[in-house]
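Trainee: So here's final06.pdb, just PDB, N, CA and C atoms, pLDDT in the B column:
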ATOM      1  N   MET A  88       0.847  -1.193   0.000  1.00 37.00           N
ATOM      2  CA  MET A  88       0.000   0.000   0.000  1.00 37.00           C
ATOM      3  C   MET A  88       0.887   1.249   0.000  1.00 37.00           C
ATOM      4  N   ASP A  89       0.633   2.151  -0.917  1.00 59.00           N
ATOM      5  CA  ASP A  89       1.394   3.389  -0.996  1.00 59.00           C
ATOM      6  C   ASP A  89       0.781   4.429  -0.077  1.00 59.00           C
ATOM      7  N   PHE A  90       1.623   5.282   0.458  1.00 82.00           N
ATOM      8  CA  PHE A  90       1.143   6.373   1.289  1.00 82.00           C
ATOM      9  C   PHE A  90       2.133   7.516   1.207  1.00 82.00           C
ATOM     10  N   ILE A  91       1.710   8.671   1.626  1.00 90.00           N
ATOM     11  CA  ILE A  91       2.556   9.863   1.612  1.00 90.00           C
ATOM     12  C   ILE A  91       3.518   9.788   2.787  1.00 90.00           C
ATOM     13  N   ARG A  92       4.798  10.020   2.497  1.00 95.00           N
ATOM     14  CA  ARG A  92       5.815   9.960   3.542  1.00 95.00           C
ATOM     15  C   ARG A  92       6.770  11.134   3.359  1.00 95.00           C
ATOM     16  N   ILE A  93       6.996  11.868   4.427  1.00 97.00           N
ATOM     17  CA  ILE A  93       7.967  12.964   4.413  1.00 97.00           C
ATOM     18  C   ILE A  93       9.354  12.357   4.583  1.00 97.00           C
ATOM     19  N   THR A  94      10.276  12.778   3.727  1.00 97.00           N
ATOM     20  CA  THR A  94      11.651  12.268   3.805  1.00 97.00           C
ATOM     21  C   THR A  94      12.648  13.333   4.261  1.00 97.00           C
ATOM     22  N   THR A  95      12.338  14.606   4.002  1.00 98.00           N
ATOM     23  CA  THR A  95      13.217  15.693   4.443  1.00 98.00           C
ATOM     24  C   THR A  95      12.370  16.852   4.952  1.00 98.00           C
ATOM     25  N   ALA A  96      12.901  17.568   5.928  1.00 98.00           N
ATOM     26  CA  ALA A  96      12.206  18.733   6.476  1.00 98.00           C
ATOM     27  C   ALA A  96      13.245  19.722   6.992  1.00 98.00           C
ATOM     28  N   ARG A  97      13.055  20.976   6.614  1.00 98.00           N
ATOM     29  CA  ARG A  97      13.987  22.023   7.035  1.00 98.00           C
ATOM     30  C   ARG A  97      13.194  23.295   7.308  1.00 98.00           C
ATOM     31  N   HIS A  98      13.456  23.920   8.458  1.00 98.00           N
ATOM     32  CA  HIS A  98      12.802  25.183   8.789  1.00 98.00           C
ATOM     33  C   HIS A  98      13.290  26.248   7.816  1.00 98.00           C
ATOM     34  N   VAL A  99      12.346  27.015   7.263  1.00 97.00           N
ATOM     35  CA  VAL A  99      12.691  28.085   6.329  1.00 97.00           C
ATOM     36  C   VAL A  99      12.701  29.412   7.079  1.00 97.00           C
ATOM     37  N   SER A 100      11.543  29.830   7.569  1.00 97.00           N
ATOM     38  CA  SER A 100      11.407  31.030   8.385  1.00 97.00           C
ATOM     39  C   SER A 100       9.991  31.042   8.947  1.00 97.00           C
ATOM     40  N   GLY A 101       9.814  31.767  10.036  1.00 97.00           N
ATOM     41  CA  GLY A 101       8.488  31.827  10.645  1.00 97.00           C
ATOM     42  C   GLY A 101       7.946  30.424  10.874  1.00 97.00           C
ATOM     43  N   HIS A 102       6.753  30.183  10.369  1.00 98.00           N
ATOM     44  CA  HIS A 102       6.118  28.871  10.501  1.00 98.00           C
ATOM     45  C   HIS A 102       6.136  28.122   9.173  1.00 98.00           C
ATOM     46  N   GLN A 103       7.190  28.334   8.401  1.00 97.00           N
ATOM     47  CA  GLN A 103       7.341  27.675   7.111  1.00 97.00           C
ATOM     48  C   GLN A 103       8.401  26.582   7.190  1.00 97.00           C
ATOM     49  N   ILE A 104       8.066  25.428   6.588  1.00 98.00           N
ATOM     50  CA  ILE A 104       8.969  24.288   6.562  1.00 98.00           C
ATOM     51  C   ILE A 104       9.081  23.787   5.129  1.00 98.00           C
ATOM     52  N   ALA A 105      10.310  23.654   4.642  1.00 98.00           N
ATOM     53  CA  ALA A 105      10.549  23.047   3.333  1.00 98.00           C
ATOM     54  C   ALA A 105      10.478  21.540   3.515  1.00 98.00           C
ATOM     55  N   LEU A 106       9.651  20.889   2.696  1.00 97.00           N
ATOM     56  CA  LEU A 106       9.418  19.459   2.833  1.00 97.00           C
ATOM     57  C   LEU A 106       9.747  18.723   1.544  1.00 97.00           C
ATOM     58  N   GLY A 107      10.324  17.535   1.700  1.00 97.00           N
ATOM     59  CA  GLY A 107      10.526  16.619   0.585  1.00 97.00           C
ATOM     60  C   GLY A 107       9.743  15.351   0.881  1.00 97.00           C
ATOM     61  N   PHE A 108       9.172  14.765  -0.150  1.00 95.00           N
ATOM     62  CA  PHE A 108       8.320  13.589   0.015  1.00 95.00           C
ATOM     63  C   PHE A 108       8.889  12.405  -0.751  1.00 95.00           C
ATOM     64  N   ALA A 109       8.508  11.212  -0.331  1.00 93.00           N
ATOM     65  CA  ALA A 109       9.015   9.983  -0.931  1.00 93.00           C
ATOM     66  C   ALA A 109       8.668   9.874  -2.415  1.00 93.00           C
ATOM     67  N   ASP A 110       7.607  10.568  -2.856  1.00 90.00           N
ATOM     68  CA  ASP A 110       7.229  10.500  -4.274  1.00 90.00           C
ATOM     69  C   ASP A 110       8.055  11.444  -5.139  1.00 90.00           C
ATOM     70  N   GLY A 111       9.028  12.143  -4.521  1.00 93.00           N
ATOM     71  CA  GLY A 111       9.896  13.058  -5.250  1.00 93.00           C
ATOM     72  C   GLY A 111       9.418  14.495  -5.266  1.00 93.00           C
ATOM     73  N   SER A 112       8.217  14.756  -4.802  1.00 93.00           N
ATOM     74  CA  SER A 112       7.721  16.128  -4.784  1.00 93.00           C
ATOM     75  C   SER A 112       8.314  16.876  -3.596  1.00 93.00           C
ATOM     76  N   GLU A 113       8.336  18.181  -3.719  1.00 95.00           N
ATOM     77  CA  GLU A 113       8.844  19.020  -2.637  1.00 95.00           C
ATOM     78  C   GLU A 113       8.202  20.390  -2.712  1.00 95.00           C
ATOM     79  N   GLY A 114       8.233  21.088  -1.589  1.00 96.00           N
ATOM     80  CA  GLY A 114       7.657  22.418  -1.523  1.00 96.00           C
ATOM     81  C   GLY A 114       7.744  22.948  -0.104  1.00 96.00           C
ATOM     82  N   VAL A 115       7.193  24.130   0.094  1.00 96.00           N
ATOM     83  CA  VAL A 115       7.222  24.783   1.404  1.00 96.00           C
ATOM     84  C   VAL A 115       5.803  24.848   1.956  1.00 96.00           C
ATOM     85  N   ALA A 116       5.627  24.328   3.156  1.00 96.00           N
ATOM     86  CA  ALA A 116       4.337  24.386   3.843  1.00 96.00           C
ATOM     87  C   ALA A 116       4.365  25.535   4.848  1.00 96.00           C
ATOM     88  N   ASP A 117       3.410  26.433   4.742  1.00 96.00           N
ATOM     89  CA  ASP A 117       3.261  27.526   5.705  1.00 96.00           C
ATOM     90  C   ASP A 117       2.174  27.113   6.689  1.00 96.00           C
ATOM     91  N   LEU A 118       2.561  26.837   7.920  1.00 97.00           N
ATOM     92  CA  LEU A 118       1.630  26.349   8.928  1.00 97.00           C
ATOM     93  C   LEU A 118       1.083  27.462   9.827  1.00 97.00           C
ATOM     94  N   SER A 119       1.380  28.712   9.524  1.00 96.00           N
ATOM     95  CA  SER A 119       0.989  29.820  10.403  1.00 96.00           C
ATOM     96  C   SER A 119      -0.518  29.889  10.640  1.00 96.00           C
ATOM     97  N   ALA A 120      -1.324  29.519   9.666  1.00 95.00           N
ATOM     98  CA  ALA A 120      -2.778  29.582   9.826  1.00 95.00           C
ATOM     99  C   ALA A 120      -3.360  28.301  10.416  1.00 95.00           C
ATOM    100  N   GLU A 121      -2.512  27.330  10.717  1.00 95.00           N
ATOM    101  CA  GLU A 121      -2.985  26.012  11.164  1.00 95.00           C
ATOM    102  C   GLU A 121      -2.734  25.754  12.648  1.00 95.00           C
ATOM    103  N   LEU A 122      -2.292  26.753  13.388  1.00 96.00           N
ATOM    104  CA  LEU A 122      -1.855  26.543  14.771  1.00 96.00           C
ATOM    105  C   LEU A 122      -2.901  26.945  15.796  1.00 96.00           C
ATOM    106  N   SER A 123      -4.138  26.533  15.584  1.00 94.00           N
ATOM    107  CA  SER A 123      -5.186  26.823  16.562  1.00 94.00           C
ATOM    108  C   SER A 123      -5.470  25.569  17.376  1.00 94.00           C
ATOM    109  N   GLY A 124      -5.992  25.772  18.561  1.00 95.00           N
ATOM    110  CA  GLY A 124      -6.297  24.653  19.453  1.00 95.00           C
ATOM    111  C   GLY A 124      -5.163  24.413  20.436  1.00 95.00           C
ATOM    112  N   PRO A 125      -5.475  23.755  21.539  1.00 96.00           N
ATOM    113  CA  PRO A 125      -4.505  23.596  22.621  1.00 96.00           C
ATOM    114  C   PRO A 125      -3.236  22.821  22.248  1.00 96.00           C
ATOM    115  N   VAL A 126      -3.346  21.790  21.417  1.00 96.00           N
ATOM    116  CA  VAL A 126      -2.152  21.002  21.097  1.00 96.00           C
ATOM    117  C   VAL A 126      -1.178  21.778  20.213  1.00 96.00           C
ATOM    118  N   PHE A 127      -1.711  22.715  19.407  1.00 97.00           N
ATOM    119  CA  PHE A 127      -0.849  23.480  18.515  1.00 97.00           C
ATOM    120  C   PHE A 127      -0.397  24.811  19.097  1.00 97.00           C
ATOM    121  N   ALA A 128      -0.960  25.246  20.223  1.00 97.00           N
ATOM    122  CA  ALA A 128      -0.607  26.533  20.829  1.00 97.00           C
ATOM    123  C   ALA A 128       0.891  26.680  21.083  1.00 97.00           C
ATOM    124  N   PRO A 129       1.589  25.670  21.620  1.00 97.00           N
ATOM    125  CA  PRO A 129       3.028  25.836  21.847  1.00 97.00           C
ATOM    126  C   PRO A 129       3.819  26.087  20.562  1.00 97.00           C
ATOM    127  N   LEU A 130       3.311  25.626  19.418  1.00 97.00           N
ATOM    128  CA  LEU A 130       4.016  25.776  18.152  1.00 97.00           C
ATOM    129  C   LEU A 130       4.019  27.213  17.646  1.00 97.00           C
ATOM    130  N   ARG A 131       3.185  28.059  18.241  1.00 97.00           N
ATOM    131  CA  ARG A 131       3.181  29.474  17.839  1.00 97.00           C
ATOM    132  C   ARG A 131       4.504  30.145  18.201  1.00 97.00           C
ATOM    133  N   ASP A 132       5.190  29.623  19.218  1.00 97.00           N
ATOM    134  CA  ASP A 132       6.521  30.115  19.586  1.00 97.00           C
ATOM    135  C   ASP A 132       7.518  29.544  18.573  1.00 97.00           C
ATOM    136  N   ILE A 133       8.207  30.408  17.858  1.00 97.00           N
ATOM    137  CA  ILE A 133       9.101  29.973  16.775  1.00 97.00           C
ATOM    138  C   ILE A 133      10.182  29.014  17.273  1.00 97.00           C
ATOM    139  N   ASP A 134      10.764  29.299  18.436  1.00 98.00           N
ATOM    140  CA  ASP A 134      11.807  28.400  18.945  1.00 98.00           C
ATOM    141  C   ASP A 134      11.262  26.997  19.183  1.00 98.00           C
ATOM    142  N   TYR A 135      10.041  26.891  19.689  1.00 98.00           N
ATOM    143  CA  TYR A 135       9.422  25.586  19.893  1.00 98.00           C
ATOM    144  C   TYR A 135       9.044  24.963  18.548  1.00 98.00           C
ATOM    145  N   PHE A 136       8.535  25.782  17.640  1.00 98.00           N
ATOM    146  CA  PHE A 136       8.135  25.308  16.319  1.00 98.00           C
ATOM    147  C   PHE A 136       9.292  24.603  15.610  1.00 98.00           C
ATOM    148  N   LYS A 137      10.492  25.131  15.781  1.00 98.00           N
ATOM    149  CA  LYS A 137      11.677  24.579  15.118  1.00 98.00           C
ATOM    150  C   LYS A 137      12.078  23.199  15.639  1.00 98.00           C
ATOM    151  N   GLN A 138      11.449  22.729  16.703  1.00 98.00           N
ATOM    152  CA  GLN A 138      11.847  21.462  17.326  1.00 98.00           C
ATOM    153  C   GLN A 138      11.167  20.241  16.703  1.00 98.00           C
ATOM    154  N   PHE A 139      10.628  20.368  15.494  1.00 98.00           N
ATOM    155  CA  PHE A 139       9.978  19.236  14.845  1.00 98.00           C
ATOM    156  C   PHE A 139      11.009  18.172  14.451  1.00 98.00           C
ATOM    157  N   GLN A 140      10.511  16.951  14.326  1.00 97.00           N
ATOM    158  CA  GLN A 140      11.313  15.832  13.837  1.00 97.00           C
ATOM    159  C   GLN A 140      10.444  15.017  12.899  1.00 97.00           C
ATOM    160  N   ILE A 141      11.083  14.310  11.989  1.00 97.00           N
ATOM    161  CA  ILE A 141      10.344  13.366  11.163  1.00 97.00           C
ATOM    162  C   ILE A 141      10.170  12.102  11.997  1.00 97.00           C
ATOM    163  N   VAL A 142       8.928  11.738  12.231  1.00 96.00           N
ATOM    164  CA  VAL A 142       8.596  10.528  12.991  1.00 96.00           C
ATOM    165  C   VAL A 142       7.634   9.718  12.129  1.00 96.00           C
ATOM    166  N   GLY A 143       8.007   8.527  11.794  1.00 93.00           N
ATOM    167  CA  GLY A 143       7.173   7.721  10.904  1.00 93.00           C
ATOM    168  C   GLY A 143       7.113   8.371   9.539  1.00 93.00           C
ATOM    169  N   SER A 144       5.927   8.779   9.123  1.00 94.00           N
ATOM    170  CA  SER A 144       5.748   9.360   7.798  1.00 94.00           C
ATOM    171  C   SER A 144       5.482  10.860   7.817  1.00 94.00           C
ATOM    172  N   THR A 145       5.519  11.484   9.008  1.00 96.00           N
ATOM    173  CA  THR A 145       5.162  12.896   9.088  1.00 96.00           C
ATOM    174  C   THR A 145       6.059  13.644  10.077  1.00 96.00           C
ATOM    175  N   LEU A 146       5.713  14.893  10.361  1.00 97.00           N
ATOM    176  CA  LEU A 146       6.447  15.700  11.345  1.00 97.00           C
ATOM    177  C   LEU A 146       5.757  15.599  12.691  1.00 97.00           C
ATOM    178  N   GLU A 147       6.554  15.635  13.741  1.00 98.00           N
ATOM    179  CA  GLU A 147       6.006  15.617  15.093  1.00 98.00           C
ATOM    180  C   GLU A 147       6.823  16.567  15.955  1.00 98.00           C
ATOM    181  N   TRP A 148       6.145  17.190  16.922  1.00 98.00           N
ATOM    182  CA  TRP A 148       6.784  18.092  17.867  1.00 98.00           C
ATOM    183  C   TRP A 148       6.859  17.405  19.220  1.00 98.00           C
ATOM    184  N   PRO A 149       7.703  17.927  20.143  1.00 97.00           N
ATOM    185  CA  PRO A 149       7.888  17.265  21.448  1.00 97.00           C
ATOM    186  C   PRO A 149       6.603  17.032  22.235  1.00 97.00           C
ATOM    187  N   ASN A 150       5.587  17.867  22.041  1.00 97.00           N
ATOM    188  CA  ASN A 150       4.334  17.695  22.789  1.00 97.00           C
ATOM    189  C   ASN A 150       3.385  16.705  22.114  1.00 97.00           C
ATOM    190  N   GLY A 151       3.820  16.068  21.040  1.00 97.00           N
ATOM    191  CA  GLY A 151       2.993  15.096  20.341  1.00 97.00           C
ATOM    192  C   GLY A 151       2.165  15.677  19.205  1.00 97.00           C
ATOM    193  N   ALA A 152       2.204  16.989  19.014  1.00 98.00           N
ATOM    194  CA  ALA A 152       1.468  17.616  17.913  1.00 98.00           C
ATOM    195  C   ALA A 152       2.011  17.109  16.584  1.00 98.00           C
ATOM    196  N   ASP A 153       1.110  16.859  15.646  1.00 97.00           N
ATOM    197  CA  ASP A 153       1.526  16.466  14.301  1.00 97.00           C
ATOM    198  C   ASP A 153       0.422  16.819  13.311  1.00 97.00           C
ATOM    199  N   PHE A 154       0.750  16.717  12.052  1.00 96.00           N
ATOM    200  CA  PHE A 154      -0.195  16.946  10.968  1.00 96.00           C
ATOM    201  C   PHE A 154      -0.160  15.728  10.065  1.00 96.00           C
ATOM    202  N   ALA A 155      -1.282  15.398   9.449  1.00 94.00           N
ATOM    203  CA  ALA A 155      -1.316  14.284   8.504  1.00 94.00           C
ATOM    204  C   ALA A 155      -0.363  14.595   7.348  1.00 94.00           C
ATOM    205  N   PRO A 156       0.421  13.627   6.919  1.00 95.00           N
ATOM    206  CA  PRO A 156       1.352  13.884   5.818  1.00 95.00           C
ATOM    207  C   PRO A 156       0.638  14.293   4.526  1.00 95.00           C
ATOM    208  N   GLU A 157      -0.584  13.797   4.311  1.00 93.00           N
ATOM    209  CA  GLU A 157      -1.353  14.189   3.127  1.00 93.00           C
ATOM    210  C   GLU A 157      -1.689  15.679   3.164  1.00 93.00           C
ATOM    211  N   PHE A 158      -2.021  16.177   4.354  1.00 94.00           N
ATOM    212  CA  PHE A 158      -2.319  17.595   4.539  1.00 94.00           C
ATOM    213  C   PHE A 158      -1.069  18.435   4.275  1.00 94.00           C
ATOM    214  N   LEU A 159       0.065  18.012   4.812  1.00 96.00           N
ATOM    215  CA  LEU A 159       1.321  18.738   4.601  1.00 96.00           C
ATOM    216  C   LEU A 159       1.710  18.725   3.128  1.00 96.00           C
ATOM    217  N   HIS A 160       1.478  17.617   2.453  1.00 94.00           N
ATOM    218  CA  HIS A 160       1.778  17.524   1.022  1.00 94.00           C
ATOM    219  C   HIS A 160       0.935  18.529   0.241  1.00 94.00           C
ATOM    220  N   GLU A 161      -0.338  18.605   0.574  1.00 94.00           N
ATOM    221  CA  GLU A 161      -1.210  19.548  -0.134  1.00 94.00           C
ATOM    222  C   GLU A 161      -0.791  20.995   0.132  1.00 94.00           C
ATOM    223  N   LEU A 162      -0.415  21.314   1.375  1.00 95.00           N
ATOM    224  CA  LEU A 162       0.062  22.671   1.681  1.00 95.00           C
ATOM    225  C   LEU A 162       1.343  22.995   0.932  1.00 95.00           C
ATOM    226  N   ALA A 163       2.282  22.047   0.930  1.00 95.00           N
ATOM    227  CA  ALA A 163       3.602  22.290   0.353  1.00 95.00           C
ATOM    228  C   ALA A 163       3.587  22.274  -1.172  1.00 95.00           C
ATOM    229  N   CYS A 164       2.784  21.397  -1.742  1.00 92.00           N
ATOM    230  CA  CYS A 164       2.821  21.189  -3.201  1.00 92.00           C
ATOM    231  C   CYS A 164       1.628  21.766  -3.932  1.00 92.00           C
ATOM    232  N   GLY A 165       0.614  22.204  -3.192  1.00 85.00           N
ATOM    233  CA  GLY A 165      -0.530  22.846  -3.795  1.00 85.00           C
ATOM    234  C   GLY A 165      -1.473  21.910  -4.523  1.00 85.00           C
ATOM    235  N   ARG A 166      -1.324  20.613  -4.291  1.00 69.00           N
ATOM    236  CA  ARG A 166      -2.201  19.652  -4.946  1.00 69.00           C
ATOM    237  C   ARG A 166      -2.212  18.378  -4.132  1.00 69.00           C
ATOM    238  N   GLU A 167      -3.237  17.580  -4.332  1.00 58.00           N
ATOM    239  CA  GLU A 167      -3.298  16.293  -3.642  1.00 58.00           C
ATOM    240  C   GLU A 167      -2.255  15.347  -4.229  1.00 58.00           C
ATOM    241  N   ALA A 168      -1.721  14.508  -3.389  1.00 53.00           N
ATOM    242  CA  ALA A 168      -0.754  13.520  -3.854  1.00 53.00           C
ATOM    243  C   ALA A 168      -1.470  12.450  -4.658  1.00 53.00           C
ATOM    244  N   VAL A 169      -0.788  11.955  -5.660  1.00 55.00           N
ATOM    245  CA  VAL A 169      -1.323  10.851  -6.442  1.00 55.00           C
ATOM    246  C   VAL A 169      -0.624   9.588  -5.978  1.00 55.00           C
ATOM    247  N   LEU A 170      -1.414   8.646  -5.471  1.00 52.00           N
ATOM    248  CA  LEU A 170      -0.845   7.409  -4.990  1.00 52.00           C
ATOM    249  C   LEU A 170      -0.836   6.386  -6.106  1.00 52.00           C
ATOM    250  N   ALA A 171       0.279   5.712  -6.268  1.00 44.00           N
ATOM    251  CA  ALA A 171       0.410   4.705  -7.336  1.00 44.00           C
ATOM    252  C   ALA A 171      -0.304   3.420  -6.945  1.00 44.00           C
TER     253      ALA A 171
END
With the file now loaded, output its structure as C-alpha cells.
Mentor:
Amino acid sequence: MDFIRITTARHVSGHQIALGFADGSEGVADLSAELSGPVFAPLRDIDYFKQFQIVGSTLEWPNGADFAPEFLHELACGREAVLA
C-alpha cells in the first residue's frame, strides 16, 4: 500500500517548513494559519516550532502535535498527492 511519507524537512522562516516527500515532490508548507487549538498553541513560539522531527511518515513536535502527511503535502505542493 502506498502512502505519503515525508523524507526531508527544514525550517525556512516563521512557521514555514521546506518538505521533501518519498514520491519526489517538494515544496514549502506555511503552517501559520494552522496553529489553533490547545495542542498546537506551543508551536506558535518559533523556537518551539523549530523542534519538529520526522517521525514515521510525518512531522512531530515534542508535545505530540503532528499533521497528517497528506495535509502537509497539499500545503507544500498545492495539490493532492497521487498514490500509485
Trainee: Please write out, as JSON, where the centre of an axis-aligned box around all listed atoms of region 109-122 of chain A lies and how long its edges are, in Å to one decimal, after adding 4 Å on each side.
Mentor:
{"center_x": 3.3, "center_y": 19.9, "center_z": 5.3, "size_x": 21.3, "size_y": 28.0, "size_z": 29.1}
Trainee: Can you tell me, as a ChimeraX atom specification, which residues in region 99-157 of chain A count as strand (DSSP E) by DSSP?
Mentor: /A:99-100,103-108,113-117,140-142,145-147
Trainee: Which residues are close to region 128-145 of chain A, i.e. within 6 Å by all atoms listed in the file, leaving aside same-chain residues fewer than 2 positions away? Reply as a list in words.
Mentor: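 The filter keeps Ile91, Arg92, Ile93, Leu122, Ser123, Gly124, Pro125, Val126, Glu147, Trp148, Pro149 and Pro156 of chain A.
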Trainee: Choose the residue, out of A:Ala109, A:Arg97, A:Ile104, A:Ala116, that has the smallest atom-to-atom separation from Cys164 (chain A); count only C-alpha atoms.
Mentor: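 Of A:Ala109, A:Arg97, A:Ile104, A:Ala116, the one nearest Cys164 (chain A), counting only C-alpha atoms, is A:Ala116.
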Trainee: Using only C-alpha atoms for the distances, tell me which of A:Phe90, A:Ser112, A:Ala96, A:Ala152 is nearest to Phe127 (chain A).
Mentor: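 So, comparing all the options, the nearest one is A:Ala152.
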Trainee: Taking the DSSP assignment computed from this structure's backbone, write out as a list of chain:residue names all residues of chain A that belong to helix (DSSP H, G or I).
Mentor: A:Ser119, A:Ala120, A:Glu121, A:Ala128, A:Pro129, A:Leu130, A:Arg131, A:Ile133, A:Asp134, A:Tyr135, A:Phe136, A:Pro156, A:Glu157, A:Phe158, A:Leu159, A:His160, A:Glu161, A:Leu162, A:Ala163, A:Cys164
